[in-house]
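J.: Provided herewith: data-v6.txt, compact mmCIF, C-alpha atoms.
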```
# COMPACT_ATOMS: atom_id res chain seq x y z
CA MET A 1180 -56.20 72.52 -132.49
CA ASN A 1181 -53.41 74.41 -130.73
CA GLN A 1182 -55.64 77.46 -130.28
CA ILE A 1183 -58.39 75.33 -128.73
CA LYS A 1184 -55.88 73.79 -126.33
CA ILE A 1185 -54.57 77.20 -125.29
CA ILE A 1186 -58.10 78.58 -124.74
CA SER A 1187 -59.25 75.56 -122.73
CA ARG A 1188 -56.13 75.63 -120.55
CA THR A 1189 -56.53 79.36 -119.98
CA LEU A 1190 -60.16 78.83 -118.92
CA LEU A 1191 -59.10 76.01 -116.59
CA ALA A 1192 -56.41 78.24 -115.06
CA ILE A 1193 -58.95 81.03 -114.50
CA VAL A 1194 -61.33 78.64 -112.74
CA ILE A 1195 -58.57 77.24 -110.50
CA VAL A 1196 -57.06 80.62 -109.61
CA GLY A 1197 -60.51 82.22 -109.17
CA GLY A 1198 -61.61 79.43 -106.85
CA GLY A 1199 -58.39 79.69 -104.90
CA VAL A 1200 -58.92 83.40 -104.31
CA ALA A 1201 -62.67 83.23 -103.58
CA ALA A 1202 -62.47 80.48 -100.95
CA PRO A 1203 -60.20 82.35 -98.49
CA MET A 1204 -62.26 85.53 -99.02
CA GLY A 1205 -65.33 83.64 -97.88
CA LEU A 1206 -63.47 82.37 -94.82
CA ALA A 1207 -62.08 85.81 -94.03
CA ALA A 1208 -65.62 87.11 -93.57
CA GLN A 1209 -66.03 84.97 -90.44
CA ALA A 1210 -65.04 86.80 -87.27
CA GLY A 1211 -63.03 84.68 -84.83
CA PRO A 1212 -63.58 84.73 -81.09
CA GLN A 1213 -62.02 87.59 -79.13
CA ARG A 1214 -58.52 86.71 -77.98
CA ILE A 1215 -57.46 86.90 -74.34
CA THR A 1216 -55.91 90.34 -73.78
CA LEU A 1217 -53.08 91.07 -71.36
CA SER A 1218 -55.47 92.96 -69.10
CA GLU A 1219 -57.84 89.97 -69.02
CA ALA A 1220 -54.91 87.67 -68.23
CA GLN A 1221 -53.76 89.96 -65.43
CA ALA A 1222 -57.32 90.12 -64.03
CA ILE A 1223 -57.43 86.30 -63.94
CA ILE A 1224 -54.06 86.18 -62.18
CA ALA A 1225 -55.10 88.83 -59.64
CA ALA A 1226 -58.27 86.83 -58.87
CA ALA A 1227 -56.25 83.63 -58.52
CA VAL A 1228 -53.76 85.30 -56.17
CA ARG A 1229 -56.64 86.61 -53.99
CA ASP A 1230 -58.23 83.16 -53.85
CA ALA A 1231 -54.90 81.49 -53.03
CA ALA A 1232 -54.18 84.00 -50.24
CA GLN A 1233 -57.63 83.31 -48.73
CA ASN A 1234 -56.88 79.59 -48.72
CA ASN A 1235 -53.36 80.06 -47.36
CA LEU A 1236 -51.71 78.73 -50.54
CA GLN A 1237 -48.53 79.91 -52.23
CA LEU A 1238 -48.92 79.37 -55.96
CA SER A 1239 -47.55 80.27 -59.36
CA ILE A 1240 -50.27 81.11 -61.88
CA ALA A 1241 -49.85 81.32 -65.66
CA VAL A 1242 -52.19 82.39 -68.47
CA VAL A 1243 -51.49 81.28 -72.06
CA ASP A 1244 -53.27 82.04 -75.33
CA GLY A 1245 -55.18 79.59 -77.53
CA ARG A 1246 -51.94 78.35 -79.10
CA GLY A 1247 -50.40 77.72 -75.70
CA ASP A 1248 -48.05 80.73 -75.85
CA LEU A 1249 -47.48 82.55 -72.57
CA ILE A 1250 -49.31 85.85 -71.96
CA ALA A 1251 -48.70 86.52 -68.26
CA ALA A 1252 -47.46 84.71 -65.16
CA THR A 1253 -46.90 85.45 -61.49
CA ARG A 1254 -45.13 83.56 -58.72
CA MET A 1255 -46.50 84.42 -55.28
CA GLN A 1256 -44.01 85.56 -52.65
CA ASN A 1257 -43.22 82.21 -51.01
CA ALA A 1258 -44.11 79.81 -53.80
CA ARG A 1259 -41.27 77.53 -54.80
CA ALA A 1260 -39.30 78.64 -57.86
CA THR A 1261 -40.06 75.44 -59.77
CA THR A 1262 -43.82 75.96 -59.55
CA MET A 1263 -43.61 78.61 -62.28
CA ASP A 1264 -42.65 76.22 -65.08
CA THR A 1265 -45.17 73.65 -63.84
CA ALA A 1266 -47.97 76.23 -63.98
CA ILE A 1267 -46.93 77.26 -67.50
CA GLY A 1268 -46.59 73.64 -68.68
CA LYS A 1269 -50.00 72.65 -67.35
CA ALA A 1270 -51.66 75.69 -68.96
CA MET A 1271 -49.93 74.99 -72.30
CA GLY A 1272 -51.27 71.43 -72.36
CA ALA A 1273 -54.79 72.55 -71.47
CA ALA A 1274 -54.75 75.13 -74.29
CA MET A 1275 -53.20 72.86 -76.91
CA PHE A 1276 -55.66 70.03 -76.24
CA GLY A 1277 -58.62 72.25 -75.28
CA ARG A 1278 -59.26 70.19 -72.14
CA PRO A 1279 -58.54 70.37 -68.43
CA SER A 1280 -54.95 69.21 -67.90
CA ALA A 1281 -56.29 66.54 -65.51
CA ASP A 1282 -57.86 64.79 -68.53
CA LEU A 1283 -54.42 64.53 -70.15
CA ALA A 1284 -52.65 62.80 -67.26
CA GLY A 1285 -53.71 59.28 -68.28
CA SER A 1286 -52.29 59.65 -71.81
CA ALA A 1287 -49.04 61.40 -70.83
CA GLY A 1288 -46.93 58.47 -72.03
CA SER A 1289 -48.58 58.06 -75.43
CA PRO A 1290 -46.47 58.76 -78.54
CA LEU A 1291 -48.71 61.66 -79.60
CA TYR A 1292 -48.34 63.42 -76.26
CA GLN A 1293 -44.61 62.78 -76.19
CA ASN A 1294 -44.25 64.23 -79.69
CA MET A 1295 -46.30 67.29 -78.70
CA ASN A 1296 -44.06 67.70 -75.66
CA GLU A 1297 -40.94 67.52 -77.82
CA ALA A 1298 -42.40 70.10 -80.21
CA THR A 1299 -42.66 72.55 -77.31
CA GLY A 1300 -39.10 71.88 -76.15
CA GLY A 1301 -40.28 69.61 -73.34
CA ARG A 1302 -42.33 72.24 -71.55
CA LEU A 1303 -45.66 70.41 -71.20
CA ARG A 1304 -46.77 69.06 -67.80
CA PHE A 1305 -49.62 66.59 -67.99
CA PHE A 1306 -50.93 67.05 -64.43
CA GLN A 1307 -54.18 68.32 -62.96
CA GLY A 1308 -54.25 72.05 -62.26
CA ALA A 1309 -55.08 73.88 -65.49
CA LEU A 1310 -58.36 74.65 -67.26
CA PRO A 1311 -59.00 75.91 -70.80
CA ILE A 1312 -60.68 79.29 -71.36
CA VAL A 1313 -63.57 78.82 -73.80
CA ARG A 1314 -65.21 81.79 -75.51
CA ASP A 1315 -67.88 81.56 -78.23
CA GLY A 1316 -67.23 77.83 -78.41
CA TYR A 1317 -63.50 78.18 -79.07
CA THR A 1318 -60.51 77.56 -76.83
CA VAL A 1319 -58.91 81.00 -76.61
CA GLY A 1320 -56.46 80.24 -73.82
CA ALA A 1321 -55.85 78.41 -70.57
CA VAL A 1322 -54.95 79.08 -66.95
CA GLY A 1323 -52.64 76.88 -64.89
CA ALA A 1324 -51.71 76.95 -61.21
CA SER A 1325 -49.05 75.07 -59.28
CA GLY A 1326 -47.84 74.98 -55.69
CA ALA A 1327 -50.52 73.09 -53.74
CA SER A 1328 -52.15 69.69 -54.25
CA SER A 1329 -53.20 69.34 -57.87
CA GLN A 1330 -56.89 69.40 -56.86
CA ALA A 1331 -56.34 72.65 -54.92
CA ASP A 1332 -54.46 74.07 -57.93
CA GLU A 1333 -57.43 73.31 -60.19
CA ASP A 1334 -59.95 74.65 -57.68
CA ASN A 1335 -57.96 77.88 -57.55
CA VAL A 1336 -58.04 78.23 -61.35
CA ARG A 1337 -61.78 77.52 -61.45
CA ALA A 1338 -62.48 80.12 -58.74
CA ALA A 1339 -60.41 82.72 -60.61
CA LEU A 1340 -62.18 82.08 -63.91
CA MET A 1341 -65.57 82.26 -62.17
CA GLU A 1342 -64.64 85.56 -60.53
CA VAL A 1343 -63.73 87.27 -63.80
CA GLY A 1344 -66.70 85.69 -65.61
CA LEU A 1345 -64.84 83.41 -68.03
CA MET B 301 -18.08 39.00 -24.24
CA LEU B 302 -18.67 42.09 -22.16
CA ARG B 303 -17.16 44.20 -24.82
CA GLY B 304 -19.38 42.44 -27.36
CA ARG B 305 -22.52 43.18 -25.28
CA HIS B 306 -21.40 46.75 -24.93
CA ARG B 307 -21.20 46.96 -28.69
CA TRP B 308 -24.74 45.63 -28.99
CA SER B 309 -26.12 48.17 -26.54
CA VAL B 310 -24.39 50.97 -28.41
CA LEU B 311 -25.86 49.68 -31.66
CA VAL B 312 -29.39 49.39 -30.21
CA SER B 313 -29.28 52.85 -28.65
CA GLY B 314 -27.98 54.18 -31.96
CA ILE B 315 -30.94 52.64 -33.82
CA LEU B 316 -33.35 54.05 -31.23
CA ALA B 317 -31.78 57.49 -31.61
CA VAL B 318 -32.16 57.33 -35.39
CA VAL B 319 -35.82 56.29 -35.04
CA PHE B 320 -36.66 59.04 -32.54
CA PHE B 321 -34.80 61.83 -34.30
CA ALA B 322 -35.69 60.81 -37.86
CA ALA B 323 -39.43 60.59 -37.17
CA PRO B 324 -39.95 64.35 -36.79
CA ALA B 325 -37.77 64.91 -39.87
CA ALA B 326 -39.97 62.55 -41.90
CA ALA B 327 -43.07 64.41 -40.72
CA GLN B 328 -41.58 67.52 -42.35
CA LEU B 329 -41.15 65.87 -45.76
CA ARG B 330 -43.32 68.54 -47.37
CA GLY B 331 -40.68 71.04 -46.33
CA ALA B 332 -40.60 74.55 -44.99
CA PRO B 333 -41.68 77.34 -47.32
CA ALA B 334 -39.17 78.46 -49.90
CA ALA B 335 -36.97 81.34 -48.82
CA PRO B 336 -38.30 84.65 -50.10
CA PRO B 337 -36.76 85.45 -53.49
CA GLY B 338 -34.83 88.67 -53.92
CA PRO B 339 -37.34 90.88 -55.67
CA SER B 340 -40.79 90.57 -54.10
CA THR B 341 -43.80 89.61 -56.21
CA ALA B 342 -45.31 93.05 -55.61
CA GLN B 343 -42.11 94.78 -56.79
CA ALA B 344 -41.99 92.58 -59.87
CA MET B 345 -45.61 93.40 -60.76
CA ALA B 346 -44.97 97.12 -60.26
CA ALA B 347 -41.90 96.94 -62.50
CA LEU B 348 -43.89 95.19 -65.24
CA ALA B 349 -46.54 97.93 -65.07
CA THR B 350 -43.90 100.66 -65.39
CA ALA B 351 -42.25 98.90 -68.34
CA GLN B 352 -45.64 98.61 -70.03
CA GLN B 353 -46.33 102.33 -69.55
CA THR B 354 -42.91 103.14 -71.01
CA ALA B 355 -43.55 100.88 -74.00
CA GLU B 356 -46.98 102.42 -74.60
CA GLY B 357 -45.40 105.88 -74.53
CA LEU B 358 -42.91 104.78 -77.19
CA GLY B 359 -45.59 103.02 -79.26
CA VAL B 360 -44.02 99.56 -79.00
CA ASN B 361 -45.32 96.21 -77.74
CA LEU B 362 -43.02 94.30 -75.39
CA SER B 363 -42.81 91.18 -73.31
CA CYS B 364 -41.03 91.69 -70.00
CA ALA B 365 -39.85 89.22 -67.38
CA VAL B 366 -38.52 89.55 -63.83
CA VAL B 367 -36.34 86.72 -62.51
CA ASP B 368 -34.62 86.06 -59.17
CA SER B 369 -30.86 85.62 -58.70
CA ARG B 370 -31.13 81.94 -59.68
CA GLY B 371 -32.74 83.03 -62.98
CA ASP B 372 -36.15 81.59 -61.99
CA MET B 373 -39.08 83.66 -63.19
CA ILE B 374 -41.15 85.71 -60.74
CA ALA B 375 -43.49 87.54 -63.13
CA MET B 376 -44.03 87.98 -66.84
CA ALA B 377 -46.33 89.99 -69.09
CA ARG B 378 -46.73 89.99 -72.88
CA MET B 379 -48.44 93.12 -74.19
CA ASP B 380 -51.23 92.69 -76.73
CA GLY B 381 -49.59 92.76 -80.14
CA ALA B 382 -46.16 91.57 -78.98
CA ARG B 383 -45.03 88.50 -80.90
CA PHE B 384 -45.40 85.17 -79.16
CA TYR B 385 -41.70 84.34 -78.94
CA THR B 386 -40.81 87.63 -77.24
CA THR B 387 -41.75 85.98 -73.90
CA ASP B 388 -38.92 83.46 -74.33
CA VAL B 389 -36.44 86.11 -75.42
CA ALA B 390 -37.31 88.45 -72.53
CA ARG B 391 -36.98 85.60 -70.06
CA GLY B 392 -33.74 84.35 -71.64
CA LYS B 393 -32.13 87.79 -71.57
CA ALA B 394 -33.19 88.33 -67.94
CA ARG B 395 -31.77 84.92 -67.04
CA MET B 396 -28.48 85.73 -68.74
CA SER B 397 -28.26 89.00 -66.82
CA ALA B 398 -29.10 87.33 -63.49
CA LEU B 399 -26.65 84.44 -63.90
CA PHE B 400 -23.72 86.70 -64.79
CA GLY B 401 -24.67 89.79 -62.82
CA GLN B 402 -24.31 92.21 -65.70
CA PRO B 403 -26.35 93.73 -68.52
CA SER B 404 -27.11 91.07 -71.15
CA GLY B 405 -25.96 93.60 -73.77
CA ASP B 406 -22.40 93.45 -72.39
CA MET B 407 -22.20 89.74 -73.12
CA ALA B 408 -22.56 89.61 -76.91
CA GLU B 409 -18.93 88.53 -77.38
CA PHE B 410 -19.25 85.74 -74.81
CA GLY B 411 -22.49 84.74 -76.54
CA ASN B 412 -20.54 83.80 -79.66
CA SER B 413 -18.00 81.66 -77.83
CA PRO B 414 -17.97 77.84 -77.60
CA ALA B 415 -17.91 78.23 -73.80
CA PHE B 416 -21.31 79.92 -73.95
CA GLN B 417 -22.70 77.21 -76.21
CA SER B 418 -21.81 74.47 -73.75
CA PHE B 419 -23.00 76.55 -70.80
CA ASN B 420 -26.33 77.11 -72.55
CA GLU B 421 -26.74 73.37 -73.02
CA THR B 422 -25.77 72.57 -69.44
CA ILE B 423 -28.14 75.07 -67.91
CA SER B 424 -30.98 73.56 -70.02
CA GLY B 425 -32.97 76.68 -70.68
CA PRO B 426 -32.78 79.35 -73.31
CA LEU B 427 -30.23 82.07 -72.60
CA TYR B 428 -29.95 85.12 -74.84
CA ALA B 429 -26.77 87.21 -74.79
CA PHE B 430 -28.42 90.26 -76.40
CA GLN B 431 -29.04 93.76 -75.08
CA GLY B 432 -32.35 94.23 -73.24
CA ALA B 433 -31.88 92.98 -69.66
CA LEU B 434 -30.28 94.54 -66.59
CA PRO B 435 -29.36 93.07 -63.20
CA ILE B 436 -31.30 94.11 -60.09
CA MET B 437 -28.99 95.05 -57.21
CA ARG B 438 -29.80 95.63 -53.54
CA ASP B 439 -27.12 96.85 -51.11
CA GLY B 440 -24.43 95.81 -53.55
CA GLU B 441 -25.83 92.29 -53.89
CA LEU B 442 -27.35 90.77 -57.01
CA ILE B 443 -30.96 89.80 -56.26
CA GLY B 444 -32.34 89.25 -59.77
CA ALA B 445 -32.73 90.70 -63.24
CA MET B 446 -35.34 92.13 -65.57
CA GLY B 447 -35.50 91.79 -69.33
CA CYS B 448 -37.74 93.04 -72.12
CA SER B 449 -38.10 92.01 -75.77
CA GLY B 450 -40.17 93.16 -78.73
CA ALA B 451 -38.55 96.37 -79.98
CA ALA B 452 -35.03 97.49 -80.87
CA SER B 453 -32.72 96.12 -78.20
CA GLN B 454 -31.84 99.63 -76.98
CA VAL B 455 -35.57 100.36 -76.51
CA ASP B 456 -35.97 97.04 -74.66
CA GLU B 457 -33.19 98.07 -72.30
CA ASP B 458 -34.60 101.59 -71.84
CA ALA B 459 -37.94 100.09 -70.75
CA VAL B 460 -36.12 97.91 -68.22
CA ARG B 461 -34.08 100.84 -66.88
CA ALA B 462 -37.25 102.90 -66.38
CA ALA B 463 -38.80 100.02 -64.43
CA LEU B 464 -35.81 99.26 -62.17
CA ALA B 465 -36.88 102.01 -59.73
CA ALA B 466 -39.55 99.56 -58.49
CA PHE B 467 -36.83 97.59 -56.71
```
Show me the file's structure as structure tokens.

T.:
Amino acid sequence: MNQIKIISRTLLAIVIVGGGVAAPMGLAAQAGPQRITLSEAQAIIAAAVRDAAQNNLQLSIAVVDGRGDLIAATRMQNARATTMDTAIGKAMGAAMFGRPSADLAGSAGSPLYQNMNEATGGRLRFFQGALPIVRDGYTVGAVGASGASSQADEDNVRAALMEVGL
Amino acid sequence: MLRGRHRWSVLVSGILAVVFFAAPAAAQLRGAPAAPPGPSTAQAMAALATAQQTAEGLGVNLSCAVVDSRGDMIAMARMDGARFYTTDVARGKARMSALFGQPSGDMAEFGNSPAFQSFNETISGPLYAFQGALPIMRDGELIGAMGCSGAASQVDEDAVRAALAAF
């Protein structure tokens, strides 16, 4: 009886461990979407700065990755110092929720959004002015701008993404 | 009575003066543009590019930040492969250097003191008293700081020093 127990338990263990190893291997075969590189982020920022200069705006522009972590940011010469953190906070929200930051404004006070904000150390800004970057159906990052009206901020981001083909 | 009337006329003319002089001020509520920060945006971008070249030459991946004398960020870049939190550390070191006008590496002892802990809480933003950021001076005046993070702290500081020529 003892031998049968040991054999059956060993077989069970093999099945469990084998399944545990095989499942991640199957997942690993899927290639994820290409991440946003620093040079892509800098190209987006350069396009945004050109567009802002054409429209006589002084903005800060930030590009974050799909997790909402900062990749690159620039504050234009006469943009106010505080616009930098607003641009970053808007981009973070757009990346973390995979939606334009304007869509988040109405829910800013909800417990979920407040908890998310606390988890980032209070950096999120739920205002219009940031758009997610979607590649192969996945959110791979976001761009946020701040310094003008929130509609002008968003228009600037859209123009920059169009110019670099994202 | 005359004195009383006189008082009223003074009061009325005072109100009129406030209305006429305050109106233009209210029209300017949006405010004049912010004063130009110390390091220009173009200089900050050039410094980031130099730091990146230095890092590539050394085979390391860094995040670097340029801040003004108030510690507010002007430009930032995280190289592909640099860990996500290096952006915060680079910015925090640069801020430390800007707020105290000295290399962040000279402040390790202060960084362990209770005074630093309370200062860090008051200033409500991460400060890092580690090596890797240097102040930016112009004509003997502090105008900002630059910090890098992602490699050994001496390498971080070397990348910053190589980039300071941009200012």

J.: What lies within 6 Å of Ala1252 in chain A using only C-alpha atoms, ignoring chain neighbours under 3 positions off, as number ranges by chain?

T.: A: 1240-1241; B: 375-376

J.: Give as number ranges by chain every residue of chain A that touches chain B within 8 Å, counting all atoms listed in the file.

T.: A: 1216-1217, 1248-1261, 1263

J.: Show me the residues close to (-35.9, 96.3, -70.5) - anything with an atom within 9 Å, counting all atoms listed in the file - and format the list as a JSON list (two decimals) with C-alpha atoms, in the frame of the given file.

T.:
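Generated file (selection_3.json):
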```json
[["chain", "number", "residue", "atom", "x", "y", "z"],
["B", 351, "ALA", "CA", -42.25, 98.90, -68.34],
["B", 362, "LEU", "CA", -43.02, 94.30, -75.39],
["B", 364, "CYS", "CA", -41.03, 91.69, -70.00],
["B", 365, "ALA", "CA", -39.85, 89.22, -67.38],
["B", 390, "ALA", "CA", -37.31, 88.45, -72.53],
["B", 394, "ALA", "CA", -33.19, 88.33, -67.94],
["B", 431, "GLN", "CA", -29.04, 93.76, -75.08],
["B", 432, "GLY", "CA", -32.35, 94.23, -73.24],
["B", 433, "ALA", "CA", -31.88, 92.98, -69.66],
["B", 434, "LEU", "CA", -30.28, 94.54, -66.59],
["B", 446, "MET", "CA", -35.34, 92.13, -65.57],
["B", 447, "GLY", "CA", -35.50, 91.79, -69.33],
["B", 448, "CYS", "CA", -37.74, 93.04, -72.12],
["B", 449, "SER", "CA", -38.10, 92.01, -75.77],
["B", 453, "SER", "CA", -32.72, 96.12, -78.20],
["B", 454, "GLN", "CA", -31.84, 99.63, -76.98],
["B", 455, "VAL", "CA", -35.57, 100.36, -76.51],
["B", 456, "ASP", "CA", -35.97, 97.04, -74.66],
["B", 457, "GLU", "CA", -33.19, 98.07, -72.30],
["B", 458, "ASP", "CA", -34.60, 101.59, -71.84],
["B", 459, "ALA", "CA", -37.94, 100.09, -70.75],
["B", 460, "VAL", "CA", -36.12, 97.91, -68.22],
["B", 461, "ARG", "CA", -34.08, 100.84, -66.88],
["B", 462, "ALA", "CA", -37.25, 102.90, -66.38],
["B", 463, "ALA", "CA", -38.80, 100.02, -64.43],
["B", 464, "LEU", "CA", -35.81, 99.26, -62.17]]
```

J.: Using Å and a single decimal, report how far CA of Ile436 in chain B sits from CA of Ala398 in chain B.

T.: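 The value is 7.9 Å.
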
J.: Have a look at CA of Asn1235 in chain A and CA of Arg391 in chain B and let me know their distance in Å, one decimal.

T.: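 Computing it gives 28.5 Å between the two atoms.
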
J.: Can you list, as a VMD selection string, every protein, DNA or RNA residue that comes within 10 Å of Arg1302 in chain A when you count all atoms listed in the file, leaving out same-chain residues fewer than 5 positions away?

T.: chain A and resid 1264 to 1265 1267 to 1269 1271 to 1272 1295 to 1297
